[in-house]
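Structure file input.cif; described as mmCIF, C-alpha atoms.
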```cif
data_run
#
loop_
_atom_site.label_atom_id
_atom_site.label_comp_id
_atom_site.auth_asym_id
_atom_site.auth_seq_id
_atom_site.Cartn_x
_atom_site.Cartn_y
_atom_site.Cartn_z
CA MET M 1 206.68 179.76 114.06
CA THR M 2 205.25 179.20 117.53
CA PHE M 3 201.73 180.47 118.06
CA ASN M 4 201.44 179.24 121.60
CA PRO M 5 203.22 181.40 124.19
CA ASP M 6 203.25 178.32 126.42
CA ASP M 7 205.94 176.86 124.17
CA ILE M 8 208.35 179.78 124.49
CA LEU M 9 210.55 178.85 127.42
CA PHE M 10 212.69 181.38 129.21
CA TRP M 11 214.00 179.25 132.01
CA GLN M 12 213.67 175.63 132.97
CA TRP M 13 214.69 173.68 136.05
CA GLY M 14 213.38 170.14 136.05
CA LEU M 15 209.61 170.32 135.92
CA LEU M 16 209.60 174.03 136.74
CA LYS M 17 209.23 176.00 133.55
CA LEU M 18 209.00 179.72 133.06
CA ASN M 19 207.28 180.27 129.76
CA ALA M 20 206.20 183.42 128.01
CA THR M 21 202.64 183.12 129.30
CA LEU M 22 203.76 183.24 132.92
CA ILE M 23 206.31 186.00 132.42
CA PHE M 24 203.97 188.26 130.51
CA THR M 25 201.13 187.59 132.95
CA TRP M 26 203.43 188.80 135.70
CA VAL M 27 204.39 191.80 133.60
CA VAL M 28 200.73 192.70 133.14
CA MET M 29 200.02 192.21 136.83
CA ALA M 30 203.02 194.35 137.79
CA ILE M 31 201.94 197.12 135.43
CA ILE M 32 198.39 197.16 136.77
CA LEU M 33 199.60 197.05 140.39
CA CYS M 34 202.18 199.82 139.96
CA PHE M 35 199.76 202.00 138.06
CA THR M 36 196.95 201.67 140.57
CA TRP M 37 199.33 202.08 143.50
CA LEU M 38 200.76 205.26 142.01
CA ALA M 39 197.32 206.55 141.17
CA THR M 40 195.72 205.88 144.53
CA ARG M 41 198.63 207.05 146.65
CA ARG M 42 197.30 210.54 147.22
CA LEU M 43 193.52 210.39 147.05
CA THR M 44 191.64 213.55 147.85
CA SER M 45 187.98 214.33 148.12
CA GLY M 46 188.71 217.97 147.49
CA THR M 47 187.85 220.03 144.46
CA HIS M 48 191.20 219.49 142.71
CA PRO M 49 191.90 215.79 142.36
CA SER M 50 195.04 214.79 140.50
CA ARG M 51 194.93 213.58 136.91
CA TRP M 52 195.65 210.03 137.99
CA GLN M 53 192.80 210.06 140.45
CA THR M 54 190.45 211.47 137.80
CA PHE M 55 191.45 208.72 135.41
CA MET M 56 190.99 205.98 138.00
CA GLU M 57 187.62 207.40 139.04
CA MET M 58 186.61 207.39 135.38
CA VAL M 59 187.57 203.74 134.96
CA VAL M 60 185.84 202.66 138.15
CA SER M 61 182.66 204.57 137.42
CA LEU M 62 182.62 203.17 133.87
CA ILE M 63 182.81 199.62 135.23
CA ARG M 64 180.13 200.36 137.83
CA ASP M 65 177.81 201.88 135.24
CA GLN M 66 178.19 198.96 132.88
CA ILE M 67 177.52 196.44 135.67
CA ARG M 68 174.48 198.39 136.79
CA GLU M 69 173.09 198.56 133.27
CA VAL M 70 173.57 194.85 132.65
CA SER M 71 172.33 193.48 135.95
CA HIS M 72 170.03 196.27 137.22
CA GLU M 73 171.56 195.73 140.64
CA ASP M 74 173.94 197.47 142.96
CA PRO M 75 177.40 196.90 141.43
CA GLY M 76 179.11 196.83 144.84
CA PRO M 77 179.75 193.09 145.30
CA TYR M 78 180.63 192.44 141.67
CA GLN M 79 182.77 195.36 140.64
CA SER M 80 186.02 193.98 142.04
CA PHE M 81 185.65 190.66 140.22
CA ILE M 82 184.32 192.02 136.93
CA GLY M 83 186.68 194.98 137.02
CA ALA M 84 189.68 192.74 137.65
CA LEU M 85 188.73 190.53 134.71
CA PHE M 86 188.22 193.51 132.44
CA LEU M 87 191.37 195.37 133.44
CA PHE M 88 193.59 192.31 133.21
CA ILE M 89 192.36 191.27 129.77
CA ALA M 90 192.31 194.83 128.47
CA VAL M 91 195.86 195.60 129.60
CA ALA M 92 197.11 192.21 128.39
CA ASN M 93 195.59 192.84 124.97
CA LEU M 94 196.61 196.48 124.69
CA LEU M 95 200.28 195.77 125.38
CA THR M 96 200.50 193.96 122.02
CA ILE M 97 201.66 197.29 120.56
CA ILE M 98 205.00 196.62 122.30
CA PRO M 99 207.30 194.56 120.02
CA GLY M 100 208.31 191.19 121.41
CA TYR M 101 205.35 191.02 123.72
CA ARG M 102 203.09 187.98 123.44
CA PRO M 103 199.66 188.47 124.94
CA PRO M 104 199.09 185.92 127.71
CA THR M 105 195.44 185.83 126.65
CA GLY M 106 196.64 184.18 123.43
CA SER M 107 197.33 181.03 125.44
CA LEU M 108 194.53 178.61 126.16
CA SER M 109 195.84 178.11 129.71
CA THR M 110 195.25 181.73 130.70
CA THR M 111 191.82 181.97 129.15
CA THR M 112 190.79 178.65 130.68
CA ALA M 113 191.90 179.90 134.08
CA LEU M 114 189.86 183.07 133.66
CA ALA M 115 186.83 181.11 132.46
CA ILE M 116 187.11 178.76 135.44
CA CYS M 117 187.12 181.81 137.71
CA VAL M 118 183.80 182.83 136.15
CA PHE M 119 182.54 179.24 136.36
CA LEU M 120 183.22 179.23 140.11
CA ALA M 121 182.03 182.77 140.72
CA VAL M 122 178.56 182.15 139.29
CA PRO M 123 177.43 179.60 141.92
CA LEU M 124 179.22 181.53 144.68
CA TYR M 125 177.32 184.74 143.93
CA GLY M 126 174.16 182.75 143.28
CA ILE M 127 174.30 180.94 146.62
CA GLN M 128 175.20 184.15 148.40
CA SER M 129 172.19 185.89 146.96
CA GLN M 130 169.46 183.25 147.15
CA GLY M 131 170.74 180.40 149.32
CA LEU M 132 172.01 176.95 148.46
CA VAL M 133 168.68 175.18 148.03
CA ASN M 134 167.13 177.86 145.89
CA TYR M 135 170.21 178.07 143.74
CA LEU M 136 170.31 174.31 143.14
CA ARG M 137 166.58 174.26 142.47
CA GLN M 138 167.20 176.72 139.68
CA TYR M 139 168.83 173.95 137.65
CA THR M 140 165.54 172.08 137.55
CA ARG M 141 163.66 175.27 136.76
CA PRO M 142 161.26 174.50 133.92
CA SER M 143 161.10 170.82 134.86
CA MET M 144 163.27 168.03 136.23
CA PHE M 145 163.78 166.95 132.63
CA MET M 146 165.94 170.01 131.94
CA LEU M 147 168.53 169.21 134.62
CA PRO M 148 171.19 167.63 132.35
CA PHE M 149 170.75 170.35 129.73
CA ASN M 150 171.24 173.08 132.30
CA ILE M 151 174.43 171.43 133.50
CA ILE M 152 175.67 170.97 129.94
CA GLY M 153 174.89 174.61 129.24
CA GLU M 154 176.85 175.69 132.30
CA ILE M 155 179.92 173.76 131.15
CA SER M 156 179.70 174.59 127.47
CA ARG M 157 179.41 178.31 128.07
CA THR M 158 182.56 178.17 130.20
CA ILE M 159 184.40 176.43 127.37
CA ALA M 160 182.98 178.94 124.90
CA LEU M 161 184.20 181.80 127.08
CA ALA M 162 187.72 180.39 127.15
CA VAL M 163 187.93 179.42 123.49
CA ARG M 164 186.43 182.73 122.29
CA LEU M 165 189.07 184.88 123.96
CA PHE M 166 191.86 182.46 123.05
CA GLY M 167 190.75 182.18 119.42
CA ASN M 168 190.43 185.90 118.94
CA MET M 169 193.82 186.73 120.40
CA MET M 170 195.59 183.82 118.70
CA SER M 171 194.01 184.65 115.36
CA GLY M 172 195.43 188.16 115.64
CA THR M 173 198.94 186.78 116.13
CA VAL M 174 198.57 184.18 113.38
CA VAL M 175 197.13 186.56 110.80
CA VAL M 176 199.88 189.10 111.43
CA ALA M 177 202.53 186.36 111.19
CA VAL M 178 201.08 185.07 107.91
CA LEU M 179 200.79 188.56 106.45
CA ILE M 180 204.36 189.44 107.38
CA SER M 181 205.54 186.52 105.26
CA ILE M 182 203.33 187.55 102.31
CA THR M 183 203.10 191.35 102.30
CA PRO M 184 205.43 193.03 104.79
CA PHE M 185 205.21 196.66 106.00
CA LEU M 186 201.72 198.07 105.58
CA PHE M 187 199.12 195.35 105.95
CA PRO M 188 200.45 193.77 109.17
CA ILE M 189 200.29 197.20 110.83
CA VAL M 190 196.69 197.70 109.78
CA LEU M 191 195.78 194.29 111.13
CA GLN M 192 197.69 195.00 114.31
CA LEU M 193 195.49 198.06 114.77
CA LEU M 194 192.44 195.90 114.15
CA GLY M 195 193.87 193.49 116.73
CA LEU M 196 194.00 196.27 119.33
CA LEU M 197 190.33 197.03 118.70
CA THR M 198 189.45 193.35 118.85
CA GLY M 199 191.38 193.00 122.08
CA MET M 200 189.47 195.79 123.76
CA ILE M 201 186.13 194.46 122.50
CA GLN M 202 187.00 190.97 123.70
CA ALA M 203 187.93 192.28 127.13
CA TYR M 204 184.63 194.13 127.29
CA ILE M 205 182.70 191.11 126.09
CA PHE M 206 184.41 188.77 128.53
CA ALA M 207 183.54 191.03 131.46
CA ILE M 208 179.98 191.65 130.27
CA LEU M 209 179.35 187.95 129.67
CA ALA M 210 180.71 187.13 133.11
CA MET M 211 178.30 189.68 134.58
CA VAL M 212 175.42 188.32 132.50
CA TYR M 213 176.13 184.80 133.75
CA ILE M 214 176.36 185.98 137.34
CA SER M 215 173.18 188.02 137.11
CA SER M 216 171.39 185.06 135.54
CA ALA M 217 172.15 183.18 138.74
CA LEU M 218 170.80 186.07 140.80
CA VAL M 219 167.74 187.04 138.82
CA ALA M 220 165.87 183.78 139.34
CA ARG M 221 164.59 185.01 142.69
CA LYS M 222 163.31 188.43 141.77
CA GLY M 223 162.89 187.43 138.14
CA ASN M 224 160.13 189.39 136.49
CA GLU M 225 159.41 191.98 139.11
CA ALA M 226 161.66 194.95 139.59
CA PRO M 227 164.22 195.14 136.76
CA THR M 228 162.05 194.55 133.70
CA THR M 229 159.26 196.87 134.76
CA ILE M 230 161.75 199.62 135.43
CA THR M 231 163.28 199.29 131.99
CA THR M 232 159.98 199.13 130.15
CA ASN M 233 158.74 202.17 132.01
CA SER M 234 161.83 204.14 131.10
CA GLN M 235 161.48 203.03 127.49
CA THR M 236 157.89 204.14 127.22
CA THR M 237 158.59 207.46 128.88
CA SER M 238 161.50 208.13 126.55
CA ASN M 239 159.29 207.27 123.60
CA GLN M 240 156.65 209.64 124.83
CA THR M 241 159.08 212.46 125.14
CA THR M 242 160.66 211.89 121.76
CA ASN M 243 157.41 211.44 119.87
CA SER M 244 155.24 213.92 121.67
CA SER M 245 154.08 215.28 118.31
CA THR M 246 152.44 212.01 117.23
CA ILE M 247 148.84 211.49 118.10
CA ASN M 248 148.55 207.89 119.16
CA THR M 249 151.56 207.82 121.42
CA THR M 250 149.90 207.81 124.81
CA THR M 251 147.23 205.28 123.92
CA LYS M 252 149.68 202.88 122.37
CA THR M 253 152.22 203.06 125.12
CA THR M 254 149.60 202.52 127.77
CA THR M 255 148.17 199.46 126.02
CA ASN M 256 151.28 197.34 126.01
CA SER M 257 154.83 198.07 126.86
CA SER M 258 156.10 195.23 124.69
CA ASP M 259 155.32 197.00 121.42
CA ALA M 260 157.29 200.03 122.44
CA ASN M 261 158.57 200.22 118.90
CA SER M 262 155.22 201.06 117.35
CA PRO M 263 154.99 204.76 118.32
CA THR M 264 158.44 205.32 116.95
CA GLN M 265 157.56 203.62 113.71
CA SER M 266 154.41 205.67 113.33
CA GLY M 267 156.44 208.77 114.16
CA GLY M 268 158.94 207.86 111.47
CA GLN M 269 156.26 207.50 108.85
CA MET Y 1 200.28 157.01 98.51
CA GLN Y 2 201.71 156.41 101.92
CA ASP Y 3 199.73 156.81 105.08
CA ILE Y 4 201.48 159.99 106.05
CA SER Y 5 200.88 161.78 102.77
CA TRP Y 6 197.23 160.76 102.96
CA ILE Y 7 197.04 162.35 106.39
CA ALA Y 8 198.71 165.51 105.15
CA THR Y 9 196.41 165.77 102.12
CA VAL Y 10 193.21 165.14 104.04
CA SER Y 11 194.25 167.48 106.86
CA ILE Y 12 195.03 170.39 104.57
CA ILE Y 13 191.88 170.00 102.48
CA THR Y 14 189.73 169.60 105.59
CA ALA Y 15 191.33 172.65 107.17
CA GLY Y 16 190.45 174.77 104.15
CA LEU Y 17 186.91 173.41 104.03
CA THR Y 18 186.45 173.91 107.78
CA ILE Y 19 187.29 177.59 107.77
CA ALA Y 20 185.49 178.19 104.47
CA ILE Y 21 182.19 176.60 105.42
CA GLY Y 22 182.48 177.56 109.05
CA SER Y 23 182.83 181.25 108.31
CA ILE Y 24 179.86 181.50 105.94
CA GLY Y 25 177.21 180.89 108.57
CA PRO Y 26 178.53 183.36 111.17
CA ALA Y 27 179.07 185.93 108.39
CA PHE Y 28 175.40 185.77 107.43
CA GLY Y 29 174.35 185.79 111.06
CA GLU Y 30 176.49 188.79 111.97
CA ALA Y 31 175.34 190.68 108.91
CA ARG Y 32 171.71 190.12 109.82
CA ALA Y 33 172.31 191.08 113.46
CA LEU Y 34 174.17 194.24 112.49
CA ALA Y 35 171.52 195.28 109.97
CA GLN Y 36 168.77 194.79 112.52
CA ALA Y 37 170.69 196.69 115.16
CA LEU Y 38 171.35 199.58 112.80
CA SER Y 39 167.71 199.91 111.89
CA ALA Y 40 166.79 199.66 115.56
CA ILE Y 41 169.24 202.47 116.41
CA ALA Y 42 167.87 204.55 113.53
CA GLN Y 43 164.38 204.14 114.93
CA GLN Y 44 165.30 204.60 118.58
CA PRO Y 45 168.45 206.68 118.98
CA ASP Y 46 167.77 206.97 122.70
CA GLU Y 47 168.32 203.28 123.21
CA ALA Y 48 171.58 203.25 121.25
CA ASN Y 49 173.65 202.33 124.32
CA THR Y 50 171.59 199.29 125.20
CA ILE Y 51 171.34 198.17 121.60
CA THR Y 52 175.06 198.54 121.02
CA ARG Y 53 175.96 196.60 124.12
CA THR Y 54 173.54 193.82 123.31
CA LEU Y 55 174.83 193.82 119.74
CA PHE Y 56 178.42 193.40 120.88
CA VAL Y 57 177.57 190.56 123.21
CA GLY Y 58 175.44 188.91 120.54
CA LEU Y 59 178.11 189.33 117.90
CA ALA Y 60 180.62 187.70 120.22
CA MET Y 61 178.24 184.78 120.68
CA ILE Y 62 177.74 184.42 116.93
CA GLU Y 63 181.38 184.89 116.20
CA SER Y 64 182.42 182.14 118.55
CA THR Y 65 181.18 179.51 116.06
CA ALA Y 66 183.59 180.93 113.49
CA ILE Y 67 186.31 181.00 116.14
CA TYR Y 68 185.71 177.33 116.90
CA CYS Y 69 186.17 176.51 113.22
CA PHE Y 70 189.32 178.62 113.16
CA VAL Y 71 190.74 176.80 116.19
CA VAL Y 72 189.99 173.44 114.58
CA THR Y 73 191.71 174.63 111.41
CA MET Y 74 194.76 175.72 113.34
CA ILE Y 75 194.88 172.39 115.15
CA LEU Y 76 194.67 170.52 111.84
CA LEU Y 77 197.42 172.62 110.27
CA PHE Y 78 199.91 173.19 113.07
CA ALA Y 79 199.21 170.74 115.89
CA ASN Y 80 197.72 167.78 114.09
CA PRO Y 81 197.66 164.84 116.54
CA PHE Y 82 197.42 162.17 113.80
CA TRP Y 83 200.30 163.66 111.91
CA ASN Y 84 202.41 163.84 115.07
CA HIS Y 85 201.53 160.24 115.89
CA PHE Y 86 202.65 158.93 112.49
CA VAL Y 87 205.75 161.10 112.41
CA SER Y 88 206.83 159.83 115.82
CA GLN Y 89 206.14 156.25 114.67
CA ALA Y 90 208.24 156.72 111.56
CA GLY Y 91 210.98 158.36 113.58
CA GLY Y 92 211.04 155.81 116.39
#
```

Would you mind writing the structure in this file as structure tokens?
Amino acid sequence: MTFNPDDILFWQWGLLKLNATLIFTWVVMAIILCFTWLATRRLTSGTHPSRWQTFMEMVVSLIRDQIREVSHEDPGPYQSFIGALFLFIAVANLLTIIPGYRPPTGSLSTTTALAICVFLAVPLYGIQSQGLVNYLRQYTRPSMFMLPFNIIGEISRTIALAVRLFGNMMSGTVVVAVLISITPFLFPIVLQLLGLLTGMIQAYIFAILAMVYISSALVARKGNEAPTTITTNSQTTSNQTTNSSTINTTTKTTTNSSDANSPTQSGGQ
Amino acid sequence: MQDISWIATVSIITAGLTIAIGSIGPAFGEARALAQALSAIAQQPDEANTITRTLFVGLAMIESTAIYCFVVTMILLFANPFWNHFVSQAGG
């Protein structure tokens, strides 16, 4: 029983090895490329776009909306990176319904590579947005004393990103393999379904965490000004509209935006 | 007992203990997070999107501790370096 797709060799010539991770990564890449090429071949801005174009627009606008909600910024510079991460992991995980396919995300090499991409993208976007000196100064933000802890945090969250995706995908394979040897037929299928759900959630989480890390490198400059006030305002307005029947709503919401829960609680009682 | 059977015994028992103890904490944490998120959604259905997204990200963070324990268990069971070392010594 081999759990690591790195160990499944298809072809070997000296030090050159073609293992399952590489092959299936290429398969995933080819599928994504062919699909997007087919879908974007005939783009129209008319009133009757094709089904493919509608689907691709849906995917792209979903990614853009999620990025905008997480970072409160224009998703333009980030959507290619975040979208590529999400689409690759999602397709790699979804293809597990095909028998004989081993998800490349179940190999620590792939997930480490993806995590290193995020690790490198964070300072790149950070420097691009606020300059080298300001970005480096961010590491000593509360005080100089915190410098080593910030660096350790940067590294440990990269490792956590890699191990989380790897552990989730590998655990799916292992649990199904163990269950097949104990109770064949029904239970492995149920867990395979659960694995599909887990795969999608992990792809989503990987992309969202990458965006959170990137936006944490950006936010330091405009920190507490624009984004938070916008969100608190929208929260209070939504509370006002939902609980317009309660009496104290306006006074409470104007006092402090941080206890935005209180009008709702009073409305519930 | 020989060295190698000691290693096997200790590895298997430690693997079981690792995943048993290591999954209790995250289970409690995820249960608390989910309960809080559900009550928050019940109070503020408008904010369900934000709460759900934050919940997913938080659950992934909490879950990663359990995943670490699982990875350690798998290493102990299937890719144990000490076991491999002694087996290769006995073989060669």

Please write the residues picked by the PyMOL selection byres ((chain Y) within 12 of (chain M)) on this file as a PyMOL selection string.
chain Y and resi 39-75+77-79

Write out as a short mmCIF file (atom, residue, chain, number, x, y, z; two decimals) with C-alpha atoms, in the frame of the given file each polymer residue whose atoms come within 12 Å of Asn80 (chain Y), counting only C-alpha atoms; drop sequence neighbours fewer than 6 positions from it.
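Written file, selection_23.cif:
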```cif
data_model
loop_
_atom_site.label_atom_id
_atom_site.label_comp_id
_atom_site.auth_asym_id
_atom_site.auth_seq_id
_atom_site.Cartn_x
_atom_site.Cartn_y
_atom_site.Cartn_z
CA ILE Y 4 201.48 159.99 106.05
CA ILE Y 7 197.04 162.35 106.39
CA ALA Y 8 198.71 165.51 105.15
CA VAL Y 10 193.21 165.14 104.04
CA SER Y 11 194.25 167.48 106.86
CA ILE Y 12 195.03 170.39 104.57
CA THR Y 14 189.73 169.60 105.59
CA ALA Y 15 191.33 172.65 107.17
CA VAL Y 71 190.74 176.80 116.19
CA VAL Y 72 189.99 173.44 114.58
CA THR Y 73 191.71 174.63 111.41
CA MET Y 74 194.76 175.72 113.34
CA PHE Y 86 202.65 158.93 112.49
CA VAL Y 87 205.75 161.10 112.41
#
```

Quick one: distance from CA of Leu38 (chain M) to CA of Trp52 (chain M) in Å, one decimal?
8.1 Å

Separating CA of Leu17 (chain Y) from CA of His85 (chain Y), to the nearest tenth of an Å, is a gap of 23.0 Å

The PyMOL selection byres ((chain M and resi 81) around 10) applied to the shown file, residues as a PyMOL selection string
chain M and resi 77-80+82-86+117-118+121+207+210-211

Using only C-alpha atoms, give me every residue within 12 Å of (189.8, 192.5, 114.1) in file coordinates, as a JSON list (two decimals) with C-alpha atoms, in the coordinates of the input.
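The resulting file, point.json, is shown below:
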```json
[["chain", "number", "residue", "atom", "x", "y", "z"],
["M", 167, "GLY", "CA", 190.75, 182.18, 119.42],
["M", 168, "ASN", "CA", 190.43, 185.90, 118.94],
["M", 169, "MET", "CA", 193.82, 186.73, 120.40],
["M", 170, "MET", "CA", 195.59, 183.82, 118.70],
["M", 171, "SER", "CA", 194.01, 184.65, 115.36],
["M", 172, "GLY", "CA", 195.43, 188.16, 115.64],
["M", 173, "THR", "CA", 198.94, 186.78, 116.13],
["M", 175, "VAL", "CA", 197.13, 186.56, 110.80],
["M", 176, "VAL", "CA", 199.88, 189.10, 111.43],
["M", 188, "PRO", "CA", 200.45, 193.77, 109.17],
["M", 189, "ILE", "CA", 200.29, 197.20, 110.83],
["M", 190, "VAL", "CA", 196.69, 197.70, 109.78],
["M", 191, "LEU", "CA", 195.78, 194.29, 111.13],
["M", 192, "GLN", "CA", 197.69, 195.00, 114.31],
["M", 193, "LEU", "CA", 195.49, 198.06, 114.77],
["M", 194, "LEU", "CA", 192.44, 195.90, 114.15],
["M", 195, "GLY", "CA", 193.87, 193.49, 116.73],
["M", 196, "LEU", "CA", 194.00, 196.27, 119.33],
["M", 197, "LEU", "CA", 190.33, 197.03, 118.70],
["M", 198, "THR", "CA", 189.45, 193.35, 118.85],
["M", 199, "GLY", "CA", 191.38, 193.00, 122.08],
["M", 200, "MET", "CA", 189.47, 195.79, 123.76],
["M", 201, "ILE", "CA", 186.13, 194.46, 122.50],
["M", 202, "GLN", "CA", 187.00, 190.97, 123.70],
["Y", 63, "GLU", "CA", 181.38, 184.89, 116.20]]
```

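Of note, CA of Val27 (chain M) and CA of Ile97 (chain M) are spaced 14.4 Å apart.
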
The PyMOL selection byres ((chain M and resi 138) around 12) resolved against shown file, as an mmCIF file with C-alpha atoms, keeping the file's coordinate frame:
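This is the output file expr-v5.cif:
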```cif
data_model
loop_
_atom_site.group_PDB
_atom_site.id
_atom_site.type_symbol
_atom_site.label_atom_id
_atom_site.label_comp_id
_atom_site.auth_asym_id
_atom_site.auth_seq_id
_atom_site.Cartn_x
_atom_site.Cartn_y
_atom_site.Cartn_z
ATOM 1 C CA PRO M 123 177.430 179.600 141.920
ATOM 2 C CA GLY M 126 174.160 182.750 143.280
ATOM 3 C CA ILE M 127 174.300 180.940 146.620
ATOM 4 C CA GLN M 130 169.460 183.250 147.150
ATOM 5 C CA GLY M 131 170.740 180.400 149.320
ATOM 6 C CA LEU M 132 172.010 176.950 148.460
ATOM 7 C CA VAL M 133 168.680 175.180 148.030
ATOM 8 C CA ASN M 134 167.130 177.860 145.890
ATOM 9 C CA TYR M 135 170.210 178.070 143.740
ATOM 10 C CA LEU M 136 170.310 174.310 143.140
ATOM 11 C CA ARG M 137 166.580 174.260 142.470
ATOM 12 C CA TYR M 139 168.830 173.950 137.650
ATOM 13 C CA THR M 140 165.540 172.080 137.550
ATOM 14 C CA ARG M 141 163.660 175.270 136.760
ATOM 15 C CA PRO M 142 161.260 174.500 133.920
ATOM 16 C CA SER M 143 161.100 170.820 134.860
ATOM 17 C CA MET M 144 163.270 168.030 136.230
ATOM 18 C CA MET M 146 165.940 170.010 131.940
ATOM 19 C CA LEU M 147 168.530 169.210 134.620
ATOM 20 C CA ASN M 150 171.240 173.080 132.300
ATOM 21 C CA ILE M 151 174.430 171.430 133.500
ATOM 22 C CA SER M 216 171.390 185.060 135.540
ATOM 23 C CA ALA M 217 172.150 183.180 138.740
ATOM 24 C CA LEU M 218 170.800 186.070 140.800
ATOM 25 C CA VAL M 219 167.740 187.040 138.820
ATOM 26 C CA ALA M 220 165.870 183.780 139.340
ATOM 27 C CA ARG M 221 164.590 185.010 142.690
ATOM 28 C CA GLY M 223 162.890 187.430 138.140
#
```

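Near (188.3, 203.1, 137.0), the residues inside the 12 Å limit, counting only C-alpha atoms, come to Ile32, Phe35, Thr36, Ala39, Thr40, Trp52, Gln53, Thr54, Phe55, Met56, Glu57, Met58, Val59, Val60, Ser61, Leu62, Ile63, Arg64, Asp65, Gln66, Gln79, Ser80, Ile82, Gly83, Ala84, Phe86 and Leu87 of chain M.
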
Could the residues in this selection be saved with C-alpha atoms as a CSV table (one decimal), in the frame of the given file?
```
chain,number,residue,atom,x,y,z
M,32,ILE,CA,198.4,197.2,136.8
M,35,PHE,CA,199.8,202.0,138.1
M,36,THR,CA,197.0,201.7,140.6
M,39,ALA,CA,197.3,206.6,141.2
M,40,THR,CA,195.7,205.9,144.5
M,52,TRP,CA,195.6,210.0,138.0
M,53,GLN,CA,192.8,210.1,140.4
M,54,THR,CA,190.4,211.5,137.8
M,55,PHE,CA,191.4,208.7,135.4
M,56,MET,CA,191.0,206.0,138.0
M,57,GLU,CA,187.6,207.4,139.0
M,58,MET,CA,186.6,207.4,135.4
M,59,VAL,CA,187.6,203.7,135.0
M,60,VAL,CA,185.8,202.7,138.2
M,61,SER,CA,182.7,204.6,137.4
M,62,LEU,CA,182.6,203.2,133.9
M,63,ILE,CA,182.8,199.6,135.2
M,64,ARG,CA,180.1,200.4,137.8
M,65,ASP,CA,177.8,201.9,135.2
M,66,GLN,CA,178.2,199.0,132.9
M,79,GLN,CA,182.8,195.4,140.6
M,80,SER,CA,186.0,194.0,142.0
M,82,ILE,CA,184.3,192.0,136.9
M,83,GLY,CA,186.7,195.0,137.0
M,84,ALA,CA,189.7,192.7,137.6
M,86,PHE,CA,188.2,193.5,132.4
M,87,LEU,CA,191.4,195.4,133.4
```
